[in-house]
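Quick notes on the structure that follows.
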Amino acid sequence: MAIVAERYTGASIRRSEDPRILTGAGRYVDDVKLPGMLHAAFVRSPLAHAQVRSIDVSAARDLPGVVAVFTGAEIEDMTVPGPDPLVAFFGDTGPTPEFTLLATDKVRLVGDPVAIVVAESRYLAEDGCDLVEVEYDELAPVASAAAALDPASPPLFANLGSNIAREHPRAEFGDVAAAFAQADRVFDFHIDVHRHQNVPMEGRGCVASYDPQTAVMTFYAATQGVHVTKMGIVMRLGIEPDKVHVLAGDIGGSFGLKIGVSREELAAAAASRAVARPVKWTEDRGENLTASGQAREESFDVRAAVSNDGDLLGLDVRMVVDTGSYPSMGAMLAGIVQAMLPGPYKLAAMGFEATAVTTNKAPYVAYRGPWASETFVRERVLDLIAHELGLDPVEIRRRNIAPRTEPPAVMVTGRPLVGVTTMESLERVAELADFPAFRRRQAAARIEGRHLGIGVATFIEAAPGPRSQDGPSDPEGMEAMRLRLDGDGVVVLFTGQMPHGQSHQTTLAQIAADEFGVPFDQVRVVVGDSDLVPFGLTGGSRFATMTGGVALHGTRQLKAKVLDFASHLMEVSAQDLQITDGNIWVRGDPESAIAVTEIARQAASGDFGPGVDANLEVEAAYDGGAGGWSGGTHCAIVEVDVETGLVSVERYIVTEDCGALINPAVVEGQIRGGVAQGIGAVLLERSAYDEFGNFQSATFMDYLMPTACDIPRIEIEHLETVPLDADVNFRGVGEGGMIVAPPTIVNAIEDALSPFGVRIYEQHLPPARILELISMARRAS
């Protein structure tokens with residue numbers, strides 16, 4: 001069937017009288033204003049799966065104020081074919097689907113871009129999109145992982161021949177057969193994790209400005225790393241690296257969405273080069289929800305070998321992940337889930353295999369703890385087993401947590417559990433929650449017809465992880481930083497990290513100020529300029545250890561260099577000098593103090609002859625030191641209204657170990673933000689599709705977000721128990737809240753509904769589903 005569509009104008013994409021509402025963008029890209037700047041909008045597919053028969057852009061090109069319209073084929077002629085830049089960056093070597101930046105032969109999701117309109121204003125660009133006519137031949141949609149696994153399903157990518165994006169072959173750790181042979185009980189579970197997404201305050205966006213005189217592309221980006229974005233532009237536009245300059249400022253959140261450079265951003269850059277004027281694109285909220293990327297749609301078939309006493313002897317797991325339409329994080333996920341699935345437990349045997357499939361949905365992107373499903377599955381399985389054996393959820397964890405020993409226990413998948421304080425966090429949360437008192441209150445409430453529940457879950461995250469025998473502790477390698485003392489006496493740190501709400505500038509300035517001996521406001525942190533900062537990427541909870549560590553050691557290097565220079569001016573050995581409160585003085589002689597600003601001024605003033613190094617700048621690198629784990633235990637108390645299905649979270653407790661705290665307020669902000677996202681994921685958020693691949697959650701009327709009314713006061717207690725490194729014992733904390741909050745909440749809901757015999761094998765629990773579970777349990781009893 002041939003379908004003619006002018007553009008996608010469903011509920012997700014609506015124009016607004018206020019361009020700031022239209023864009024949904026935050027400060028940085030939205031505030032970029034350049035002379036002669038044009039604005040871009042995209043024609044997007046209204047169909048999930050279809051052949052593109054023809055595209056007519058003549059009417060759009062004739063519209064006054066429209067400067068250019070480029071189809072997918074024209075963009076392809078202006079760019080360099082190649083793999084997805086982000087997939088290439090992560091070194092993925094699996095089968096590579098062939099596709100274009102803008103759709104040419106077929107569209108693979110509702111919202112797939114097929115043309116870009118560039119005009120004098122965003123309004124005119126949107127009007128131009130309305131005039132583009134695209135003729136499609138609709139294809140059968142592949143709207144679920146089950147459909148994708150069917151060999152008869154039409155392949156999204158012809159060169160792959162099927163919708164199997166990646167097979168992760170079976171791996172066994174320990175003696176799996178023996179573990180199941182020795183088990184008193186074997187349980188089988190099917191557990192689903194639903195599709196939901198990042199939803200940052202600021203969507204994706206860029207301003208691409210190509211200068212034909214210098215052949216330089218300046219690219220203003222909302223990104224998690226300016227150099228990764230630069231790599232993508234270099235690869236797909238065929239520009240020499242020294243001719244690409246990427247800038248980023250205050251980014252309004254990301255949670256993994258803005259790693260690298262998107263197809264739309266690359267098209268905007270190609271358009272800027274073609275028209276020789278700056279081109280700005282910021283996605284509106286409908287585009288963000290529909291096409292930017294989604295995450296977490298995974299299913300697990302789990303067999304668990306268990307003793308009658310509750311010892312978890314072995315697991316055998318098959319995972320299926322729905323990666324959506326275009327390649328990204330999803331096909332690379334299985335290896336991380338496999339490595340982390342044992343968690344902090346003394347599991348002796350595990351089998352694991354996985355399949356990643358392509359469907360007509362938005363691409364799978366990284367989302368705050370991309371491997372989080374391993375924690376959800378493991379912590380749900382423990383609760384389900386506890387129910388079957390009549391054990392307390394805390395007690396089954398006590399039985400199975402690996403003890404802290406020397407040498408440390410090792411996960412069955414191979415990583416040492418060095419410094420892990422899971423048992424301490426579990427015992428402390430049990431004490432804070434006072435389980436015996438809660439059980440008494442729960443029993444009294446049930447007499448009144450109220451249903452309270454309590455849930456616990458525990459986790460660890462590699463932040464950056466323990467040091468391996470043959471390399472750095474962080475899998476992404478060394479972290480670099482450039483540091484200098486400017487002529488005005490300010491200590492300047494140049495970092496490739498790109499903060500987008502994590503207060504990196506604050507924490508790095510604290511470390512440098514403390515180590516160097518100057519006031520906090522005498523430190524400046526430079527980010528977001530590919531011409532100035534070393535390579536780096538924000539993500540994976542690596543900042544605290546890796547960047548904090550290089551800041552600490554780099555500041556010490558810079559301080560030593562400054563003291564050496566000062567020793568020549570003050571005619572005293574550098575070993576006899578110290579810096580405190582912004583002054584350099586001879587130990588024991590406060591009257592000798594000279595301000596750091598004066599030393600810096602003199603260093604910048606001229607040549608001091610041979611043997612005196614007045615270049616007060618260093619380059620530092622850090623391998624993560626001893627590394628380590630972050631982790632902890634969370635506990636939730638909920639009340640479920642069994643008449644309406646509504647869940648209220650009465651109390652939420654966190655015991656967290658992320659080592660030494662650089663800034664407690666920043667750490668607790670990260671924890672609370674992650675917990676809020678986890679609560680939202682269970683009770684509210686879902687990226688829903690119908691059986692035809694139509695997206696059903698394209699506005700905030702349908703994709704529900706938690707508000708302050710939905711989130712309780714989150715009680716946090718910190719454990720700082722095991723220093724591992726001589727200097728750097730702060731570890732990442734950005735993802736833990738989002739990783740462990742979902743199983744904590746689901747465990748509590750199941751506990752509240754235990755009088756009905758409800759067992760839960762999924763993550764998304766809106767009111768209608770809770771009522772359905774109660775009804776199903778009643779009918780089964």
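Ligands are numbered from 1 in the order shown, chains are lettered A, B, ... in the order of the structure tokens, and residues start at 1 in each chain.
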
Residue list (alpha helix (DSSP H), DSSP) for stretch 388-480 of chain A, as a count of residues only: 35

Contacts of A:Ala614 at 12 Å (only C-alpha atoms; same-chain gap of 3+ positions) as a PDB file with N, CA, C and O atoms, in the first residue's frame:
```
ATOM      1  N   ARG A 484      47.678  24.323  35.275  1.00  0.00           N
ATOM      2  CA  ARG A 484      48.669  25.390  35.256  1.00  0.00           C
ATOM      3  C   ARG A 484      48.310  26.443  36.285  1.00  0.00           C
ATOM      4  O   ARG A 484      47.160  26.556  36.729  1.00  0.00           O
ATOM      5  N   LEU A 485      49.332  27.219  36.651  1.00  0.00           N
ATOM      6  CA  LEU A 485      49.128  28.393  37.497  1.00  0.00           C
ATOM      7  C   LEU A 485      49.177  29.603  36.588  1.00  0.00           C
ATOM      8  O   LEU A 485      50.225  29.921  36.006  1.00  0.00           O
ATOM      9  N   ASP A 486      48.037  30.261  36.427  1.00  0.00           N
ATOM     10  CA  ASP A 486      47.976  31.432  35.556  1.00  0.00           C
ATOM     11  C   ASP A 486      48.694  32.623  36.179  1.00  0.00           C
ATOM     12  O   ASP A 486      48.989  32.635  37.390  1.00  0.00           O
ATOM     13  N   GLY A 487      48.937  33.635  35.344  1.00  0.00           N
ATOM     14  CA  GLY A 487      49.653  34.825  35.812  1.00  0.00           C
ATOM     15  C   GLY A 487      48.935  35.594  36.893  1.00  0.00           C
ATOM     16  O   GLY A 487      49.555  36.373  37.624  1.00  0.00           O
ATOM     17  N   LEU A 558      51.847  20.054  40.036  1.00  0.00           N
ATOM     18  CA  LEU A 558      51.916  21.496  39.787  1.00  0.00           C
ATOM     19  C   LEU A 558      52.456  22.223  41.007  1.00  0.00           C
ATOM     20  O   LEU A 558      53.296  23.132  40.886  1.00  0.00           O
ATOM     21  N   LYS A 561      56.148  21.977  41.209  1.00  0.00           N
ATOM     22  CA  LYS A 561      56.802  22.833  40.227  1.00  0.00           C
ATOM     23  C   LYS A 561      56.786  24.291  40.676  1.00  0.00           C
ATOM     24  O   LYS A 561      57.777  25.029  40.509  1.00  0.00           O
ATOM     25  N   VAL A 562      55.687  24.721  41.243  1.00  0.00           N
ATOM     26  CA  VAL A 562      55.582  26.103  41.730  1.00  0.00           C
ATOM     27  C   VAL A 562      56.548  26.322  42.897  1.00  0.00           C
ATOM     28  O   VAL A 562      57.232  27.358  42.975  1.00  0.00           O
ATOM     29  N   LEU A 563      56.635  25.359  43.798  1.00  0.00           N
ATOM     30  CA  LEU A 563      57.560  25.497  44.926  1.00  0.00           C
ATOM     31  C   LEU A 563      59.005  25.515  44.447  1.00  0.00           C
ATOM     32  O   LEU A 563      59.852  26.235  45.004  1.00  0.00           O
ATOM     33  N   ASP A 564      59.296  24.717  43.420  1.00  0.00           N
ATOM     34  CA  ASP A 564      60.652  24.727  42.886  1.00  0.00           C
ATOM     35  C   ASP A 564      60.999  26.094  42.311  1.00  0.00           C
ATOM     36  O   ASP A 564      62.109  26.619  42.526  1.00  0.00           O
ATOM     37  N   PHE A 565      60.043  26.700  41.582  1.00  0.00           N
ATOM     38  CA  PHE A 565      60.281  28.041  41.037  1.00  0.00           C
ATOM     39  C   PHE A 565      60.407  29.065  42.171  1.00  0.00           C
ATOM     40  O   PHE A 565      61.308  29.920  42.173  1.00  0.00           O
ATOM     41  N   ALA A 566      59.528  28.959  43.165  1.00  0.00           N
ATOM     42  CA  ALA A 566      59.567  29.903  44.282  1.00  0.00           C
ATOM     43  C   ALA A 566      60.871  29.799  45.062  1.00  0.00           C
ATOM     44  O   ALA A 566      61.377  30.793  45.603  1.00  0.00           O
ATOM     45  N   SER A 567      61.441  28.597  45.092  1.00  0.00           N
ATOM     46  CA  SER A 567      62.681  28.425  45.848  1.00  0.00           C
ATOM     47  C   SER A 567      63.810  29.271  45.256  1.00  0.00           C
ATOM     48  O   SER A 567      64.680  29.759  45.985  1.00  0.00           O
ATOM     49  N   HIS A 568      63.807  29.457  43.924  1.00  0.00           N
ATOM     50  CA  HIS A 568      64.822  30.308  43.287  1.00  0.00           C
ATOM     51  C   HIS A 568      64.597  31.769  43.652  1.00  0.00           C
ATOM     52  O   HIS A 568      65.551  32.510  43.916  1.00  0.00           O
ATOM     53  N   LEU A 569      63.348  32.194  43.706  1.00  0.00           N
ATOM     54  CA  LEU A 569      63.057  33.595  44.056  1.00  0.00           C
ATOM     55  C   LEU A 569      63.345  33.880  45.523  1.00  0.00           C
ATOM     56  O   LEU A 569      63.847  34.952  45.875  1.00  0.00           O
ATOM     57  N   ILE A 599      54.009  35.171  43.095  1.00  0.00           N
ATOM     58  CA  ILE A 599      54.895  34.192  42.458  1.00  0.00           C
ATOM     59  C   ILE A 599      54.454  33.953  41.011  1.00  0.00           C
ATOM     60  O   ILE A 599      55.270  33.898  40.083  1.00  0.00           O
ATOM     61  N   ALA A 600      53.146  33.831  40.800  1.00  0.00           N
ATOM     62  CA  ALA A 600      52.621  33.614  39.455  1.00  0.00           C
ATOM     63  C   ALA A 600      52.912  34.806  38.557  1.00  0.00           C
ATOM     64  O   ALA A 600      53.258  34.638  37.377  1.00  0.00           O
ATOM     65  N   ARG A 601      52.773  36.023  39.099  1.00  0.00           N
ATOM     66  CA  ARG A 601      53.039  37.226  38.301  1.00  0.00           C
ATOM     67  C   ARG A 601      54.498  37.270  37.866  1.00  0.00           C
ATOM     68  O   ARG A 601      54.804  37.569  36.708  1.00  0.00           O
ATOM     69  N   GLN A 602      55.383  36.941  38.787  1.00  0.00           N
ATOM     70  CA  GLN A 602      56.798  36.973  38.441  1.00  0.00           C
ATOM     71  C   GLN A 602      57.148  35.885  37.426  1.00  0.00           C
ATOM     72  O   GLN A 602      57.945  36.104  36.514  1.00  0.00           O
ATOM     73  N   ALA A 603      56.515  34.703  37.558  1.00  0.00           N
ATOM     74  CA  ALA A 603      56.786  33.626  36.598  1.00  0.00           C
ATOM     75  C   ALA A 603      56.351  34.026  35.192  1.00  0.00           C
ATOM     76  O   ALA A 603      57.005  33.658  34.207  1.00  0.00           O
ATOM     77  N   ALA A 604      55.276  34.789  35.115  1.00  0.00           N
ATOM     78  CA  ALA A 604      54.767  35.199  33.803  1.00  0.00           C
ATOM     79  C   ALA A 604      55.501  36.411  33.242  1.00  0.00           C
ATOM     80  O   ALA A 604      55.307  36.753  32.070  1.00  0.00           O
ATOM     81  N   SER A 605      56.367  37.029  34.038  1.00  0.00           N
ATOM     82  CA  SER A 605      56.940  38.320  33.634  1.00  0.00           C
ATOM     83  C   SER A 605      58.148  38.217  32.718  1.00  0.00           C
ATOM     84  O   SER A 605      58.507  39.181  32.056  1.00  0.00           O
ATOM     85  N   GLY A 606      58.841  37.067  32.675  1.00  0.00           N
ATOM     86  CA  GLY A 606      60.007  37.025  31.795  1.00  0.00           C
ATOM     87  C   GLY A 606      60.880  35.816  31.988  1.00  0.00           C
ATOM     88  O   GLY A 606      60.530  34.858  32.680  1.00  0.00           O
ATOM     89  N   ASP A 607      62.059  35.871  31.374  1.00  0.00           N
ATOM     90  CA  ASP A 607      63.014  34.769  31.342  1.00  0.00           C
ATOM     91  C   ASP A 607      63.923  34.853  32.557  1.00  0.00           C
ATOM     92  O   ASP A 607      64.478  35.909  32.875  1.00  0.00           O
ATOM     93  N   PHE A 608      64.093  33.717  33.232  1.00  0.00           N
ATOM     94  CA  PHE A 608      64.913  33.702  34.447  1.00  0.00           C
ATOM     95  C   PHE A 608      66.239  32.980  34.227  1.00  0.00           C
ATOM     96  O   PHE A 608      66.940  32.671  35.174  1.00  0.00           O
ATOM     97  N   GLY A 609      66.549  32.704  32.959  1.00  0.00           N
ATOM     98  CA  GLY A 609      67.828  32.078  32.673  1.00  0.00           C
ATOM     99  C   GLY A 609      67.776  30.576  32.757  1.00  0.00           C
ATOM    100  O   GLY A 609      66.783  29.972  33.170  1.00  0.00           O
ATOM    101  N   PRO A 610      68.865  29.921  32.380  1.00  0.00           N
ATOM    102  CA  PRO A 610      68.915  28.456  32.390  1.00  0.00           C
ATOM    103  C   PRO A 610      68.784  27.899  33.802  1.00  0.00           C
ATOM    104  O   PRO A 610      69.245  28.509  34.775  1.00  0.00           O
ATOM    105  N   GLY A 611      68.144  26.757  33.881  1.00  0.00           N
ATOM    106  CA  GLY A 611      67.983  26.088  35.170  1.00  0.00           C
ATOM    107  C   GLY A 611      66.779  26.531  35.950  1.00  0.00           C
ATOM    108  O   GLY A 611      66.502  25.973  37.013  1.00  0.00           O
ATOM    109  N   GLU A 617      53.148  24.822  34.400  1.00  0.00           N
ATOM    110  CA  GLU A 617      52.099  23.995  33.805  1.00  0.00           C
ATOM    111  C   GLU A 617      52.568  22.546  33.778  1.00  0.00           C
ATOM    112  O   GLU A 617      53.753  22.275  33.581  1.00  0.00           O
ATOM    113  N   VAL A 618      51.621  21.626  34.019  1.00  0.00           N
ATOM    114  CA  VAL A 618      51.941  20.197  33.987  1.00  0.00           C
ATOM    115  C   VAL A 618      50.832  19.453  33.255  1.00  0.00           C
ATOM    116  O   VAL A 618      49.697  19.936  33.152  1.00  0.00           O
TER     117      VAL A 618
END
```

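For A:Val87, the residues within 9 Å (counting only C-alpha atoms, excluding itself and residues fewer than 2 positions away along the chain) are Pro83, Asp84, Pro85, Phe89, Phe90, Gly91, Asp92, Thr93, Pro327, Ser328, Met329 and Met332 of chain A.
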
Keeping C-alpha atoms for every residue in the selection just given, could you write it to a file as an mmCIF file, in the first residue's frame?
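Wrote it out as out_10.cif, contents follow:
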```
data_model
loop_
_atom_site.group_PDB
_atom_site.id
_atom_site.type_symbol
_atom_site.label_atom_id
_atom_site.label_comp_id
_atom_site.auth_asym_id
_atom_site.auth_seq_id
_atom_site.Cartn_x
_atom_site.Cartn_y
_atom_site.Cartn_z
ATOM 1 C CA PRO A 83 29.558 2.868 11.069
ATOM 2 C CA ASP A 84 27.755 4.602 13.863
ATOM 3 C CA PRO A 85 30.461 6.805 15.477
ATOM 4 C CA PHE A 89 34.244 4.542 19.649
ATOM 5 C CA PHE A 90 33.390 1.673 21.991
ATOM 6 C CA GLY A 91 35.266 -0.708 19.707
ATOM 7 C CA ASP A 92 32.286 -2.913 18.935
ATOM 8 C CA THR A 93 33.276 -5.443 16.263
ATOM 9 C CA PRO A 327 22.706 0.372 16.425
ATOM 10 C CA SER A 328 23.783 1.834 19.727
ATOM 11 C CA MET A 329 24.283 0.526 23.256
ATOM 12 C CA MET A 332 26.919 -4.326 23.562
#
```

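Relative to atom CA of A:Asn663, atom CA of A:Gln510 is found at 8.3 Å.
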
Minimum-distance residue to A:Gly536, chosen among A:Val228, A:Thr290, A:Gly489, A:Glu98 (using only C-alpha atoms): A:Val228

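Of the listed residues (A:Lys230, A:Arg672, A:Lys280, A:Arg769), A:Lys230 comes nearest to A:His245; the distances count only C-alpha atoms.
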
Shell of 9 Å around A:Phe99, only C-alpha atoms, local chain residues under 2 positions omitted, as a PyMOL selection string: chain A and resi 81-83+97+101-105+157+326

Suppose we keep N, CA and C atoms; can you now write the selection as an mmCIF file, in the first residue's frame?
```cif
data_model
loop_
_atom_site.group_PDB
_atom_site.id
_atom_site.type_symbol
_atom_site.label_atom_id
_atom_site.label_comp_id
_atom_site.auth_asym_id
_atom_site.auth_seq_id
_atom_site.Cartn_x
_atom_site.Cartn_y
_atom_site.Cartn_z
ATOM 1 N N PRO A 81 30.242 7.667 4.211
ATOM 2 C CA PRO A 81 29.609 6.471 4.789
ATOM 3 C C PRO A 81 30.504 5.860 5.868
ATOM 4 N N GLY A 82 29.866 5.242 6.834
ATOM 5 C CA GLY A 82 30.650 4.590 7.879
ATOM 6 C C GLY A 82 29.762 4.078 8.979
ATOM 7 N N PRO A 83 30.338 3.397 9.953
ATOM 8 C CA PRO A 83 29.558 2.868 11.069
ATOM 9 C C PRO A 83 29.090 3.986 11.984
ATOM 10 N N PRO A 97 24.938 -3.084 10.825
ATOM 11 C CA PRO A 97 23.877 -2.810 9.852
ATOM 12 C C PRO A 97 24.226 -1.598 9.003
ATOM 13 N N LEU A 101 22.392 8.527 7.319
ATOM 14 C CA LEU A 101 22.098 9.476 8.389
ATOM 15 C C LEU A 101 20.626 9.866 8.405
ATOM 16 N N LEU A 102 20.083 10.204 7.252
ATOM 17 C CA LEU A 102 18.645 10.374 7.097
ATOM 18 C C LEU A 102 18.142 9.230 6.233
ATOM 19 N N ALA A 103 16.953 8.755 6.525
ATOM 20 C CA ALA A 103 16.450 7.571 5.843
ATOM 21 C C ALA A 103 16.362 7.807 4.333
ATOM 22 N N THR A 104 16.796 6.815 3.586
ATOM 23 C CA THR A 104 16.740 6.897 2.118
ATOM 24 C C THR A 104 15.906 5.756 1.545
ATOM 25 N N ASP A 105 16.298 4.516 1.806
ATOM 26 C CA ASP A 105 15.570 3.381 1.242
ATOM 27 C C ASP A 105 14.342 3.017 2.050
ATOM 28 N N PHE A 157 17.306 -4.460 8.447
ATOM 29 C CA PHE A 157 18.512 -4.149 7.685
ATOM 30 C C PHE A 157 18.799 -5.315 6.744
ATOM 31 N N TYR A 326 18.117 1.357 15.352
ATOM 32 C CA TYR A 326 19.462 1.659 14.863
ATOM 33 C C TYR A 326 20.501 1.258 15.905
#
```

Surrounding residues of A:Met340 excluding itself and chain neighbours under 4 positions, 8 Å, only C-alpha atoms, as number ranges by chain: A: 336, 371, 374, 413

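Comparing the minimum interatomic distances between A:Ser121 and each of A:Leu312, A:Ala386, A:Leu160, A:Met37, counting only C-alpha atoms, we find that A:Met37 sits nearest.
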
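Proximity ranking of A:Val118, A:Ile714, A:Val357, A:Val57 relative to A:Ala147 places A:Val357 first, based on only C-alpha atoms.
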
Surrounding residues of A:Ala480 excluding itself and chain neighbours under 5 positions, 8 Å, only C-alpha atoms, as a ChimeraX atom specification: /A:495-496,534-536,547,550,619-622

Residues near A:Gln522, cut-off 7 Å, only C-alpha atoms, skip fewer than 4 positions along chain, as a PyMOL selection string: chain A and resi 490-491+518

Please produce an output containing N, CA, C and O atoms for each residue in the selection, written as a tab-separated table (two decimals), in the first residue's frame.
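Output saved as result.tsv:
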```tsv
chain	number	residue	atom	x	y	z
A	490	VAL	N	45.66	32.11	39.68
A	490	VAL	CA	44.56	31.14	39.70
A	490	VAL	C	45.07	29.78	39.21
A	490	VAL	O	45.75	29.70	38.18
A	491	VAL	N	44.76	28.74	39.96
A	491	VAL	CA	45.08	27.38	39.55
A	491	VAL	C	44.00	26.93	38.56
A	491	VAL	O	42.81	26.94	38.88
A	518	VAL	N	45.37	26.84	48.26
A	518	VAL	CA	44.79	28.14	47.93
A	518	VAL	C	43.31	28.11	48.26
A	518	VAL	O	42.71	27.03	48.39
```
